[in-house]
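query_39.txt (compact mmCIF, C-alpha atoms and all ligand atoms)
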```
# COMPACT_ATOMS: atom_id res chain seq x y z
CA MET A 56 132.16 122.03 68.19
CA ASP A 57 129.60 124.33 69.77
CA SER A 58 129.85 123.38 73.44
CA SER A 59 126.54 124.99 74.36
CA LYS A 60 124.87 122.37 72.15
CA VAL A 61 126.80 119.48 73.64
CA ASN A 62 125.90 120.57 77.16
CA LYS A 63 122.19 121.00 76.47
CA PRO A 64 120.03 118.90 78.80
CA PRO A 65 118.74 115.78 77.06
CA LYS A 66 115.18 115.47 75.77
CA ASP A 67 112.88 112.94 77.38
CA SER A 68 113.18 110.46 74.52
CA THR A 69 116.94 110.44 75.16
CA LYS A 70 116.47 110.27 78.92
CA VAL A 71 114.32 107.14 78.83
CA VAL A 72 117.09 105.42 76.86
CA HIS A 73 120.02 106.47 79.04
CA SER A 74 119.03 107.71 82.45
CA GLY A 75 119.58 105.92 85.72
CA LYS A 76 122.45 103.75 84.58
CA GLU A 77 125.37 103.14 86.89
CA ASP A 78 128.54 105.06 86.11
CA VAL A 79 130.49 101.89 85.55
CA SER A 80 128.43 98.96 84.50
CA ILE A 81 129.72 95.70 85.89
CA HIS A 82 131.05 93.39 83.19
CA ARG A 83 130.17 96.12 80.64
CA THR A 84 126.61 94.97 80.06
CA VAL A 85 124.26 97.59 78.64
CA ASN A 86 121.61 96.91 81.28
CA THR A 87 122.06 96.79 85.04
CA PRO A 88 121.61 93.05 85.73
CA VAL A 89 119.05 91.57 88.11
CA TYR A 90 120.56 91.44 91.58
CA ARG A 91 118.48 89.06 93.66
CA ALA A 92 119.35 89.75 97.25
CA SER A 93 118.00 89.72 100.75
CA THR A 94 121.24 89.55 102.78
CA ILE A 95 124.07 91.92 101.99
CA LEU A 96 127.45 90.79 103.32
CA PHE A 97 129.83 93.13 105.12
CA LYS A 98 133.57 92.88 105.65
CA ASP A 99 133.41 93.89 109.30
CA THR A 100 131.29 95.76 111.83
CA GLU A 101 132.78 99.08 110.84
CA GLU A 102 131.48 98.60 107.33
CA VAL A 103 128.02 97.75 108.70
CA GLU A 104 127.97 100.98 110.67
CA LYS A 105 129.04 103.05 107.66
CA ALA A 106 126.41 101.41 105.42
CA PHE A 107 123.74 102.03 108.05
CA GLN A 108 124.59 105.72 108.33
CA ASP A 109 124.58 106.12 104.54
CA ALA A 110 121.39 104.14 103.89
CA TYR A 111 119.40 105.94 106.60
CA GLY A 112 120.53 109.42 105.64
CA ARG A 113 122.67 109.86 108.76
CA SER A 114 126.17 110.10 107.37
CA SER A 115 128.11 113.07 108.70
CA ASP A 116 129.25 114.17 105.22
CA SER A 117 125.69 114.35 103.84
CA PRO A 118 123.03 114.28 106.56
CA GLY A 119 119.50 113.79 105.26
CA VAL A 120 120.65 112.14 102.05
CA PHE A 121 119.45 108.57 101.70
CA LYS A 122 122.38 107.14 99.80
CA LYS A 123 121.70 104.23 97.51
CA VAL A 124 124.15 101.81 99.14
CA PRO A 125 123.82 98.06 99.75
CA PHE A 126 122.37 97.38 103.21
CA TYR A 127 119.44 94.98 103.11
CA GLY A 128 117.26 93.65 100.29
CA ARG A 129 114.17 95.64 101.21
CA LYS A 130 116.05 98.91 100.76
CA GLY A 131 116.90 98.08 97.19
CA ASN A 132 120.00 97.17 95.25
CA PRO A 133 121.66 98.40 92.04
CA THR A 134 118.80 96.95 89.95
CA THR A 135 116.18 99.02 91.75
CA TRP A 136 118.31 102.15 92.04
CA THR A 137 118.77 102.26 88.29
CA LEU A 138 115.02 102.62 87.80
CA GLU A 139 114.60 104.95 90.78
CA ARG A 140 117.18 107.33 89.33
CA ALA A 141 115.66 107.16 85.86
CA LEU A 142 112.10 107.84 87.06
CA THR A 143 113.34 110.70 89.25
CA GLU A 144 114.89 112.33 86.18
CA LEU A 145 111.76 111.88 84.08
CA GLU A 146 109.45 113.19 86.81
CA LYS A 147 111.88 116.03 87.57
CA GLY A 148 111.73 115.13 91.25
CA TYR A 149 114.23 114.82 94.09
CA ASP A 150 114.15 111.04 94.49
CA THR A 151 111.93 107.99 94.02
CA VAL A 152 110.95 104.89 95.99
CA LEU A 153 109.64 101.84 94.20
CA THR A 154 106.88 99.68 95.64
CA SER A 155 105.54 96.23 94.88
CA SER A 156 102.51 97.56 92.96
CA GLY A 157 100.89 100.80 91.90
CA LEU A 158 98.28 100.48 94.60
CA GLY A 159 101.11 99.89 97.07
CA ALA A 160 102.54 103.25 96.00
CA VAL A 161 99.18 104.98 96.56
CA THR A 162 98.64 103.43 100.00
CA THR A 163 102.24 103.99 101.11
CA ALA A 164 102.06 107.68 100.19
CA LEU A 165 98.72 108.11 101.99
CA PHE A 166 99.83 106.23 105.10
CA ALA A 167 103.04 108.26 105.19
CA PHE A 168 101.22 111.57 105.68
CA LEU A 169 97.92 110.74 107.42
CA LYS A 170 97.21 109.95 111.02
CA ASN A 171 94.18 109.53 113.24
CA GLY A 172 91.99 112.65 113.17
CA ASP A 173 93.31 113.87 109.82
CA HIS A 174 91.17 114.80 106.83
CA LEU A 175 91.85 113.76 103.24
CA LEU A 176 90.44 115.34 100.07
CA MET A 177 90.10 112.81 97.28
CA SER A 178 88.99 113.27 93.69
CA ASP A 179 85.62 111.68 92.96
CA SER A 180 86.97 110.17 89.73
CA VAL A 181 89.84 108.37 91.45
CA TYR A 182 90.92 104.81 90.64
CA GLU A 183 88.41 102.61 92.42
CA PRO A 184 90.80 100.59 94.65
CA THR A 185 92.22 103.90 95.94
CA ARG A 186 88.69 104.85 96.95
CA HIS A 187 88.19 101.49 98.64
CA PHE A 188 91.43 101.98 100.57
CA CYS A 189 90.11 105.30 101.91
CA ASP A 190 86.66 103.93 102.74
CA GLN A 191 87.72 100.59 104.17
CA ILE A 192 91.21 101.04 105.64
CA LEU A 193 91.88 104.73 106.34
CA ARG A 194 88.44 105.07 107.87
CA LYS A 195 89.23 102.33 110.40
CA TYR A 196 92.17 104.43 111.56
CA GLY A 197 90.04 107.50 112.10
CA ILE A 198 91.04 109.28 108.89
CA GLU A 199 88.12 111.04 107.19
CA THR A 200 87.87 111.26 103.40
CA THR A 201 85.83 113.86 101.51
CA TYR A 202 85.38 113.28 97.79
CA TYR A 203 85.43 116.39 95.64
CA ASP A 204 84.34 117.12 92.07
CA PRO A 205 87.48 116.55 89.94
CA LEU A 206 86.67 119.80 88.09
CA VAL A 207 86.72 121.84 91.31
CA GLY A 208 89.87 123.80 90.37
CA GLU A 209 90.85 126.60 92.76
CA LYS A 210 87.54 126.21 94.60
CA ILE A 211 89.20 123.29 96.38
CA PHE A 212 90.06 125.99 98.92
CA ASP A 213 86.48 125.90 100.22
CA PHE A 214 86.82 122.21 101.03
CA LEU A 215 89.90 122.62 103.22
CA LYS A 216 89.36 122.00 106.91
CA PRO A 217 91.80 122.73 109.74
CA SER A 218 92.45 118.97 109.83
CA THR A 219 93.06 118.59 106.08
CA ARG A 220 96.46 117.06 105.61
CA VAL A 221 96.44 115.62 102.08
CA VAL A 222 94.82 116.63 98.78
CA PHE A 223 94.89 113.78 96.28
CA MET A 224 94.40 114.22 92.53
CA GLU A 225 94.25 111.92 89.55
CA SER A 226 94.28 113.49 86.12
CA PRO A 227 92.61 112.44 83.98
CA GLY A 228 90.20 110.47 86.17
CA SER A 229 89.96 106.69 85.91
CA HIS A 230 87.22 105.62 83.44
CA THR A 231 85.85 109.15 82.98
CA PHE A 232 88.96 111.14 82.00
CA GLU A 233 88.24 114.53 83.55
CA ILE A 234 91.37 116.67 83.36
CA GLN A 235 91.99 118.46 86.64
CA ASP A 236 93.34 121.99 86.96
CA VAL A 237 96.38 120.71 88.82
CA PRO A 238 98.29 124.04 89.07
CA GLY A 239 95.08 125.79 90.20
CA ILE A 240 94.39 123.20 92.87
CA CYS A 241 97.99 123.30 94.14
CA LYS A 242 98.02 127.09 94.22
CA ALA A 243 94.79 127.21 96.23
CA VAL A 244 95.98 124.53 98.65
CA LYS A 245 99.34 126.24 99.22
CA SER A 246 97.60 129.55 99.87
CA LYS A 247 96.10 128.11 103.04
CA LYS A 248 98.11 129.85 105.71
CA ASN A 249 99.57 128.15 108.79
CA GLN A 250 98.64 124.70 107.62
CA GLU A 251 100.88 122.22 105.92
CA ILE A 252 98.92 120.25 103.31
CA VAL A 253 100.60 117.73 101.06
CA THR A 254 99.46 117.45 97.43
CA MET A 255 99.65 114.09 95.66
CA ILE A 256 98.69 112.90 92.22
CA ASP A 257 98.24 109.56 90.54
CA ASN A 258 100.22 110.12 87.32
CA THR A 259 99.60 106.74 85.70
CA TRP A 260 97.58 107.69 82.59
CA ALA A 261 100.10 109.91 80.79
CA SER A 262 103.12 108.32 82.50
CA PRO A 263 106.02 110.60 83.48
CA PHE A 264 106.93 110.69 79.79
CA TYR A 265 103.95 112.92 79.02
CA TYR A 266 103.17 114.63 82.33
CA LYS A 267 105.39 116.26 85.00
CA PRO A 268 103.13 117.16 87.92
CA LEU A 269 106.03 118.08 90.21
CA THR A 270 106.76 121.03 87.91
CA GLN A 271 103.19 122.27 88.49
CA GLY A 272 103.31 122.50 92.25
CA VAL A 273 102.45 118.91 93.23
CA ASP A 274 104.55 117.49 96.08
CA ILE A 275 104.29 113.79 95.30
CA SER A 276 103.76 111.98 92.00
CA ILE A 277 102.61 108.37 92.14
CA GLY A 278 102.72 105.91 89.28
CA SER A 279 101.56 102.42 88.55
CA CYS A 280 104.62 101.30 86.59
CA THR A 281 102.60 98.12 85.96
CA LYS A 282 101.01 100.09 83.12
CA TYR A 283 103.21 101.99 80.65
CA VAL A 284 106.65 101.73 82.25
CA VAL A 285 106.58 97.92 82.33
CA GLY A 286 104.57 98.13 79.13
CA HIS A 287 104.26 94.41 78.44
CA SER A 288 101.61 93.25 80.96
CA ASP A 289 104.03 90.94 82.70
CA ALA A 290 105.05 92.59 85.99
CA MET A 291 103.60 94.73 88.76
CA LEU A 292 105.35 97.75 90.21
CA GLY A 293 104.68 101.18 91.67
CA SER A 294 106.69 104.37 92.09
CA ILE A 295 106.53 107.43 94.32
CA THR A 296 108.58 110.45 93.29
CA SER A 297 108.63 113.51 95.49
CA VAL A 298 110.16 116.86 96.23
CA GLU A 299 113.10 116.83 98.64
CA LYS A 300 111.19 117.81 101.74
CA HIS A 301 108.87 114.79 101.72
CA PHE A 302 111.29 112.14 100.59
CA PRO A 303 112.53 110.93 104.03
CA ASN A 304 108.96 110.26 105.18
CA LEU A 305 108.21 108.28 102.01
CA TRP A 306 111.45 106.34 102.28
CA HIS A 307 110.76 105.32 105.89
CA SER A 308 107.14 104.49 105.16
CA ARG A 309 107.93 102.21 102.22
CA GLN A 310 110.52 100.58 104.43
CA LEU A 311 108.24 100.06 107.43
CA LEU A 312 105.21 98.98 105.41
CA GLY A 313 107.43 96.42 103.73
CA VAL A 314 106.09 96.96 100.22
CA SER A 315 109.47 96.77 98.52
CA ALA A 316 109.71 95.83 94.86
CA SER A 317 111.05 92.58 93.48
CA PRO A 318 114.30 93.07 91.51
CA ASP A 319 113.01 90.80 88.75
CA ASP A 320 109.96 93.02 88.23
CA VAL A 321 112.12 96.11 88.45
CA TYR A 322 114.37 94.74 85.74
CA LEU A 323 111.38 94.23 83.46
CA ALA A 324 110.20 97.78 84.21
CA THR A 325 113.62 99.25 83.42
CA ARG A 326 113.69 97.28 80.19
CA GLY A 327 110.23 98.65 79.43
CA LEU A 328 111.32 102.19 80.22
CA ARG A 329 113.94 102.14 77.46
CA THR A 330 111.18 101.99 74.82
CA LEU A 331 108.62 104.11 76.70
CA GLY A 332 109.14 107.08 74.38
CA VAL A 333 108.36 105.31 71.11
CA ARG A 334 105.56 103.28 72.66
CA MET A 335 103.83 106.36 74.09
CA GLN A 336 104.02 108.11 70.74
CA LYS A 337 102.37 105.16 69.01
CA HIS A 338 99.72 104.68 71.73
CA GLN A 339 98.83 108.34 71.40
CA GLU A 340 98.74 108.30 67.61
CA ASN A 341 96.54 105.19 67.46
CA ALA A 342 94.30 106.32 70.28
CA LEU A 343 93.57 109.69 68.72
CA LEU A 344 92.63 108.07 65.40
CA ILE A 345 90.31 105.68 67.18
CA ALA A 346 88.80 108.36 69.42
CA GLU A 347 87.99 110.46 66.34
CA TRP A 348 86.53 107.48 64.54
CA LEU A 349 84.40 106.57 67.56
CA SER A 350 83.14 110.17 67.79
CA SER A 351 81.71 109.83 64.30
CA ARG A 352 79.77 106.63 65.07
CA ARG A 353 76.03 106.92 65.47
CA GLU A 354 76.01 104.29 68.27
CA VAL A 355 78.31 106.47 70.39
CA GLU A 356 76.93 109.17 72.67
CA LYS A 357 80.27 110.58 73.81
CA VAL A 358 83.95 109.71 73.73
CA PHE A 359 86.02 110.55 76.80
CA TYR A 360 89.55 111.31 75.66
CA PRO A 361 91.22 114.65 76.53
CA PRO A 362 93.14 115.08 73.23
CA LEU A 363 89.83 115.37 71.35
CA LYS A 364 89.30 119.02 70.43
CA ASP A 365 85.76 119.09 71.86
CA ASP A 366 86.68 117.31 75.09
CA PRO A 367 85.94 119.58 78.08
CA GLY A 368 89.46 119.00 79.39
CA ASN A 369 91.21 119.63 76.08
CA GLN A 370 92.47 123.13 76.83
CA ILE A 371 93.97 122.26 80.18
CA TRP A 372 95.39 119.06 78.73
CA GLN A 373 97.10 121.08 76.01
CA ARG A 374 98.38 123.56 78.55
CA ASP A 375 99.75 121.03 81.06
CA PHE A 376 100.52 117.74 79.30
CA LEU A 377 103.14 116.83 76.72
CA GLY A 378 101.03 114.04 75.28
CA ALA A 379 98.42 111.38 75.99
CA GLY A 380 98.16 107.74 76.89
CA GLY A 381 96.08 105.25 74.95
CA LEU A 382 93.35 104.73 77.55
CA MET A 383 89.87 106.14 76.85
CA SER A 384 86.23 105.31 77.27
CA PHE A 385 82.94 106.01 75.55
CA ALA A 386 79.27 106.08 76.43
CA LEU A 387 76.70 104.49 74.12
CA LYS A 388 73.41 106.07 73.05
CA ASP A 389 71.56 102.93 73.80
CA ALA A 390 73.20 100.23 75.84
CA ASP A 391 72.43 97.35 78.09
CA GLU A 392 74.59 94.65 79.53
CA ASN A 393 73.60 92.10 76.90
CA SER A 394 74.41 94.24 73.90
CA VAL A 395 77.71 95.39 75.41
CA ASN A 396 78.59 91.77 76.22
CA ARG A 397 77.84 90.86 72.61
CA MET A 398 80.19 93.58 71.45
CA ILE A 399 83.00 92.56 73.80
CA ASN A 400 82.69 88.83 73.17
CA GLY A 401 84.07 88.23 69.71
CA MET A 402 86.64 91.00 69.46
CA LYS A 403 89.75 89.88 67.64
CA TYR A 404 92.47 92.26 68.82
CA PHE A 405 90.85 94.05 71.78
CA SER A 406 91.16 91.39 74.48
CA LEU A 407 88.94 91.38 77.54
CA GLY A 408 90.96 92.10 80.65
CA PHE A 409 91.72 94.55 83.44
CA SER A 410 94.80 96.67 83.83
CA TRP A 411 96.27 98.35 80.72
CA GLY A 412 99.45 99.99 79.49
CA GLY A 413 100.86 96.93 77.76
CA TYR A 414 101.58 96.82 74.03
CA GLU A 415 98.21 95.18 73.35
CA SER A 416 94.69 96.54 73.02
CA LEU A 417 92.12 95.81 75.71
CA ILE A 418 88.39 96.30 76.15
CA CYS A 419 86.07 96.12 79.14
CA ALA A 420 82.67 97.36 80.27
CA SER A 421 82.73 100.42 82.47
CA TYR A 422 80.37 101.54 85.26
CA PRO A 423 81.74 104.89 86.49
CA GLY A 424 78.47 105.86 88.17
CA ARG A 425 78.62 103.02 90.65
CA SER A 426 81.34 104.42 92.85
CA ARG A 427 80.80 108.19 92.66
CA THR A 428 79.48 110.12 95.63
CA ALA A 429 80.32 113.81 95.06
CA THR A 430 79.22 114.00 91.43
CA LYS A 431 76.64 112.29 89.27
CA TRP A 432 77.54 110.34 86.14
CA LYS A 433 75.08 111.45 83.50
CA PHE A 434 75.67 108.85 80.81
CA LYS A 435 74.17 105.43 80.15
CA GLU A 436 75.87 102.43 81.67
CA PRO A 437 77.60 100.24 80.85
CA GLY A 438 80.06 102.33 78.91
CA ILE A 439 83.11 100.84 77.31
CA ARG A 440 86.74 101.38 78.21
CA LEU A 441 89.44 100.81 75.63
CA HIS A 442 93.16 100.57 75.94
CA VAL A 443 94.51 101.25 72.46
CA GLY A 444 97.65 99.22 71.87
CA LEU A 445 100.39 99.26 69.28
CA GLU A 446 98.61 97.26 66.56
CA ASP A 447 97.83 98.75 63.16
CA SER A 448 95.07 101.32 63.64
CA GLU A 449 93.08 100.10 60.64
CA ASP A 450 92.96 96.57 62.07
CA LEU A 451 91.77 98.00 65.38
CA ILE A 452 89.06 100.07 63.71
CA ASN A 453 87.85 97.06 61.73
CA ASP A 454 87.73 95.10 64.97
CA LEU A 455 85.59 97.78 66.60
CA GLU A 456 83.36 97.99 63.56
CA GLY A 457 82.62 94.27 63.95
CA GLY A 458 81.93 94.95 67.62
CA PHE A 459 79.31 97.59 66.78
CA GLU A 460 77.61 95.15 64.40
CA ARG A 461 77.26 92.65 67.23
CA LEU A 462 76.10 95.42 69.59
CA LEU A 463 73.17 96.21 67.28
CA GLN A 464 72.19 92.58 66.65
CA VAL A 465 68.96 91.36 68.14
C1 LIG A 501 96.27 100.29 87.72
C2 LIG A 501 96.24 101.55 88.43
C3 LIG A 501 96.73 101.64 89.74
C4 LIG A 501 97.19 100.45 90.51
O1 LIG A 501 98.32 99.85 89.97
P1 LIG A 501 98.68 98.31 90.25
O2 LIG A 501 100.09 98.25 89.81
O3 LIG A 501 97.74 97.50 89.44
O4 LIG A 501 98.52 98.08 91.71
C5 LIG A 501 96.71 102.87 90.35
N1 LIG A 501 96.23 103.95 89.73
C6 LIG A 501 95.76 103.91 88.47
C7 LIG A 501 95.26 105.15 87.82
C8 LIG A 501 95.74 102.71 87.79
O5 LIG A 501 95.25 102.66 86.55
```

As a first step, turn the structure in this file into C-alpha cells.
Ligand SMILES: *Cc1c(COP(=O)(O)O)cnc(C)c1O
Amino acid sequence: MDSSKVNKPPKDSTKVVHSGKEDVSIHRTVNTPVYRASTILFKDTEEVEKAFQDAYGRSSDSPGVFKKVPFYGRKGNPTTWTLERALTELEKGYDTVLTSSGLGAVTTALFAFLKNGDHLLMSDSVYEPTRHFCDQILRKYGIETTYYDPLVGEKIFDFLKPSTRVVFMESPGSHTFEIQDVPGICKAVKSKKNQEIVTMIDNTWASPFYYKPLTQGVDISIGSCTKYVVGHSDAMLGSITSVEKHFPNLWHSRQLLGVSASPDDVYLATRGLRTLGVRMQKHQENALLIAEWLSSRREVEKVFYPPLKDDPGNQIWQRDFLGAGGLMSFALKDADENSVNRMINGMKYFSLGFSWGGYESLICASYPGRSRTATKWKFKEPGIRLHVGLEDSEDLINDLEGGFERLLQV
C-alpha cells in the first residue's frame, strides 16, 4: 500500500464524521455519551491538586496547556471536550471553548479582550444582538464602539485609534450578506505598529465546514452552533476557537463569566456535527437554485446571496470560502408590511420563525436599515429573509410562487 496516501490528512467531510472522539470510547459506544456532572469526585487531596494544575494550565510538564481533565462541571467533561476537539480541527485553530449560546460566545470573546477606555471596531452589518451588546452593555463599562462599512477592506487602517483593541467582523453580514475582505482587514490591522489589536469574526453563516477564518489571519473565530452544527433547531450553543496566544484569556473568561454549555446540548451538537458535511452541501445546492429562481422574478429587486455570479461579494467569496450556507435575503420592487405579511402567512414549507440552520426552511420579514449607522440601506423595506432547508427544491419553489401570488393580491 502507498503509505503517503494512507497518511494524507483527512478531508473535512471525513473530519466531521470522526474528529474529536476519545481514544478509547467507554463501553465501545460510537458516540461519547452525555456526562451530566457538576461535582467531580477525587480519590484524595493529591489528586485534587494534580487536576487543578492540569485544568488551569499550570502543570510542570506542560505549562500553559489547559488540559481537558475532569475538575468541575463548568470546565467541561468528556462530552464537551469531544466537540471542542472536533471544532478546533475543523476551524484549524489551537483550541475551542464552548458557551451556552452563540451570543454568549460573542459577548465572552468581547469581554475577554476589552476594558474601560478601549475602542472597538464593529462591522455595520453585524448580527443585531451583538450590536445591542456593544451599545447597551459595553458602553456602560466605558468601551467605545465605532461601526464601520463592512466593505471597508484594508482602509480599516484609517479607523484605528491608539485605543483600538478589537476589530470584529462578520462575513457575510446578517440580513444583508456583504462579504468582507477578511485577509485585507487582518493585514491592515496587523500592520499597525506597537499596538496589539485582536481580530475576531462571527463565522456562523458558512459554518467552519465552509469557512476557515483562522487561516486568513483572524485571531478568534466565533460560531453560533445553534445554527448549522446543531442543525435541528433543538439546542442552543456557541463556540470560540482561537490561535494559541489568545486561548488562555478566552478559557478564563468563559470560566469567570459562567456561560458554560450544557452537556445535553453539546451532545446534540456533536450528533449534528456528524452530518454537517452532507447537510451543508444540500443547503448550498438548494439555496443556489432558489436564489437564481428569485433573481428571475419580476417582483424581486435584488437577491442577496454571495454565490450568485452577479453578487458584489462573489469574487471574494470564491477566493476565501469553500462553500455557502442556505441563508439569504431579497428586496422587493414594491413592498409594504401588508403585502409581505400576506406572502409570509400561508407558506407551506417555509415556516415563520427566527434563528436558522436547522434542516427546515424558514421565512421572516427583514428590516436591515433600522439598525445601521455607518452605512445606508438603499433598498425597500421590509425585505424577506429565507433559510433554505433540506426539502425538495421544487416544492420550495412552488411554495414561494404561491407566496408571490399572495404578495400581489389586493
Ligand atoms: C444566531 C446568531 C448568533 C447568536 O446565536 P445564539 O445561539 O442564538 O445565541 C450570533 N451570530 C449570528 C450571525 C447568528 O446568526

field: Pick from A:Asp319, A:Asp447, A:Glu183, A:Asp67 nearest to Gly424 in chain A, counting all atoms listed in the file
entry: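 For Gly424 in chain A, the nearest of the candidates is A:Glu183.
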
List as CSV every residue of range 324-347 of chain A that is in contact with range 358-370 of chain A, defined as an atom at most 12 Å from one of its atoms (using all atoms listed in the file), together with the nearest atom pair and the distance in Å rounded to one decimal, sorted by chain and then rising number.
```
residue,atom,partner,partner_atom,distance
A:Gln339,CA,A:Pro362,CA,9.0
A:Glu340,CA,A:Pro362,CA,10.4
A:Asn341,CA,A:Pro362,CA,11.9
A:Ala342,CA,A:Tyr360,CA,8.7
A:Leu343,CA,A:Pro362,CA,7.0
A:Leu344,CA,A:Leu363,CA,9.8
A:Ile345,CA,A:Val358,CA,10.0
A:Ala346,CA,A:Val358,CA,6.6
A:Glu347,CA,A:Leu363,CA,7.3
```

Could those residues be written to a file, using C-alpha atoms, as a PDB file, in the frame of the given file?
```pdb
ATOM      1  CA  GLN A 339      98.830 108.340  71.400  1.00  0.00           C
ATOM      2  CA  GLU A 340      98.740 108.300  67.610  1.00  0.00           C
ATOM      3  CA  ASN A 341      96.540 105.190  67.460  1.00  0.00           C
ATOM      4  CA  ALA A 342      94.300 106.320  70.280  1.00  0.00           C
ATOM      5  CA  LEU A 343      93.570 109.690  68.720  1.00  0.00           C
ATOM      6  CA  LEU A 344      92.630 108.070  65.400  1.00  0.00           C
ATOM      7  CA  ILE A 345      90.310 105.680  67.180  1.00  0.00           C
ATOM      8  CA  ALA A 346      88.800 108.360  69.420  1.00  0.00           C
ATOM      9  CA  GLU A 347      87.990 110.460  66.340  1.00  0.00           C
TER      10      GLU A 347
END
```

message: Can you measure CA of Lys245 in chain A to CA of Pro263 in chain A for me? One decimal in Å is fine.
response: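 So the answer is 23.2 Å.
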
message: From the options A:Leu193, A:Cys280, A:Ile211, A:Val333, which residue's atoms come nearest to ligand LIG 501 (chain A), counting all atoms listed in the file?
response: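 Distance minimum relative to ligand LIG 501 (chain A) lands on A:Cys280.
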
message: If we count only C-alpha atoms and set the cut-off at 12 Å, which residues sit around His307 in chain A, ignoring sequence neighbours fewer than 5 positions away in its own chain? Please answer as a list in words.
response: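 Once the nearby chain positions are removed, what remains is Ala110, Tyr111, Gly112, Phe121, Arg129, Lys130, Val152, Thr163, Ala164, Phe166, Ala167, Phe168, His301, Phe302, Leu312, Gly313, Val314 and Ser315 of chain A.
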
field: Test item: residues at most 12 Å from Asp389 in chain A, all atoms listed in the file, excluding those fewer than 6 positions along its chain, as a VMD selection string
entry: chain A and resid 353 to 357 395 434 to 438 459 462 to 463

Report as CSV: every residue of chain A with an atom at most 6 Å from ligand LIG 501 (chain A), its closest pair of atoms, and their distance in Å to one decimal, counting only C-alpha atoms and all ligand atoms, with rows sorted by chain and ascending residue number.
```
residue,atom,partner,partner_atom,distance
A:Ser156,CA,A:LIG501,O2,4.0
A:Gly157,CA,A:LIG501,O1,3.4
A:Leu158,CA,A:LIG501,O4,3.8
A:Tyr182,CA,A:LIG501,C7,5.2
A:Ser229,CA,A:LIG501,C7,5.8
A:Asp257,CA,A:LIG501,C7,6.0
A:Thr259,CA,A:LIG501,C7,5.1
A:Ser279,CA,A:LIG501,O1,4.4
A:Thr281,CA,A:LIG501,O2,4.6
A:Met291,CA,A:LIG501,O2,5.1
A:Leu292,CA,A:LIG501,O2,5.3
A:Gly293,CA,A:LIG501,O2,5.8
A:Ser410,CA,A:LIG501,C1,5.5
```

Residues within 12 Å of range 82-99 of chain A, all atoms listed in the file, excluding chain neighbours under 5 positions, as JSON, numbers by chain: {"A": [72, 73, 74, 75, 76, 77, 104, 105, 106, 107, 124, 125, 126, 127, 128, 129, 130, 131, 132, 133, 134, 135, 136, 137, 138, 315, 316, 317, 318, 319, 320, 321, 322, 323, 324, 325, 326, 327, 328, 329]}

field: Shortest interatomic distance to Lys403 in chain A - which of A:Leu145, A:Leu445, A:Ile452, A:Leu387, counting all atoms listed in the file
entry: A:Ile452

task: Could you please determine the separation between CA of Asp274 in chain A and CA of Ser115 in chain A in Å, to one decimal place?
output: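 Spanning CA of Asp274 in chain A to CA of Ser115 in chain A is a straight-line distance of 27.1 Å.
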
For range 77-87 of chain A, where the input has fewer atoms than it should, I would like N, CA, C and O atoms rebuilt and written as a PDB file, keeping the file's coordinate frame.
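Final output, saved to out.pdb:
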```pdb
ATOM      1  N   GLU A  77     124.232 102.969  85.987  1.00  0.00           N
ATOM      2  CA  GLU A  77     125.370 103.140  86.890  1.00  0.00           C
ATOM      3  C   GLU A  77     126.542 103.715  86.094  1.00  0.00           C
ATOM      4  O   GLU A  77     126.650 103.503  84.879  1.00  0.00           O
ATOM      5  N   ASP A  78     127.407 104.437  86.791  1.00  0.00           N
ATOM      6  CA  ASP A  78     128.540 105.060  86.110  1.00  0.00           C
ATOM      7  C   ASP A  78     129.401 104.011  85.405  1.00  0.00           C
ATOM      8  O   ASP A  78     129.796 104.154  84.278  1.00  0.00           O
ATOM      9  N   VAL A  79     129.700 102.952  86.139  1.00  0.00           N
ATOM     10  CA  VAL A  79     130.490 101.890  85.550  1.00  0.00           C
ATOM     11  C   VAL A  79     129.646 100.630  85.606  1.00  0.00           C
ATOM     12  O   VAL A  79     129.330 100.129  86.669  1.00  0.00           O
ATOM     13  N   SER A  80     129.265 100.139  84.448  1.00  0.00           N
ATOM     14  CA  SER A  80     128.430  98.960  84.500  1.00  0.00           C
ATOM     15  C   SER A  80     129.316  97.730  84.637  1.00  0.00           C
ATOM     16  O   SER A  80     130.338  97.589  83.969  1.00  0.00           O
ATOM     17  N   ILE A  81     128.921  96.882  85.571  1.00  0.00           N
ATOM     18  CA  ILE A  81     129.720  95.700  85.890  1.00  0.00           C
ATOM     19  C   ILE A  81     129.743  94.783  84.676  1.00  0.00           C
ATOM     20  O   ILE A  81     128.716  94.558  84.042  1.00  0.00           O
ATOM     21  N   HIS A  82     130.876  94.296  84.329  1.00  0.00           N
ATOM     22  CA  HIS A  82     131.050  93.390  83.190  1.00  0.00           C
ATOM     23  C   HIS A  82     130.592  94.028  81.873  1.00  0.00           C
ATOM     24  O   HIS A  82     130.331  93.338  80.903  1.00  0.00           O
ATOM     25  N   ARG A  83     130.446  95.362  81.876  1.00  0.00           N
ATOM     26  CA  ARG A  83     130.170  96.120  80.640  1.00  0.00           C
ATOM     27  C   ARG A  83     128.864  95.757  79.948  1.00  0.00           C
ATOM     28  O   ARG A  83     128.713  95.936  78.745  1.00  0.00           O
ATOM     29  N   THR A  84     127.918  95.223  80.673  1.00  0.00           N
ATOM     30  CA  THR A  84     126.610  94.970  80.060  1.00  0.00           C
ATOM     31  C   THR A  84     125.895  96.293  79.863  1.00  0.00           C
ATOM     32  O   THR A  84     126.112  97.249  80.608  1.00  0.00           O
ATOM     33  N   VAL A  85     125.025  96.362  78.881  1.00  0.00           N
ATOM     34  CA  VAL A  85     124.260  97.590  78.640  1.00  0.00           C
ATOM     35  C   VAL A  85     123.296  97.829  79.809  1.00  0.00           C
ATOM     36  O   VAL A  85     123.175  98.937  80.318  1.00  0.00           O
ATOM     37  N   ASN A  86     122.609  96.767  80.222  1.00  0.00           N
ATOM     38  CA  ASN A  86     121.610  96.910  81.280  1.00  0.00           C
ATOM     39  C   ASN A  86     122.181  96.515  82.642  1.00  0.00           C
ATOM     40  O   ASN A  86     122.994  95.590  82.723  1.00  0.00           O
ATOM     41  N   THR A  87     121.721  97.220  83.688  1.00  0.00           N
ATOM     42  CA  THR A  87     122.060  96.790  85.040  1.00  0.00           C
ATOM     43  C   THR A  87     121.418  95.408  85.246  1.00  0.00           C
ATOM     44  O   THR A  87     120.219  95.264  85.032  1.00  0.00           O
TER      45      THR A  87
END
```
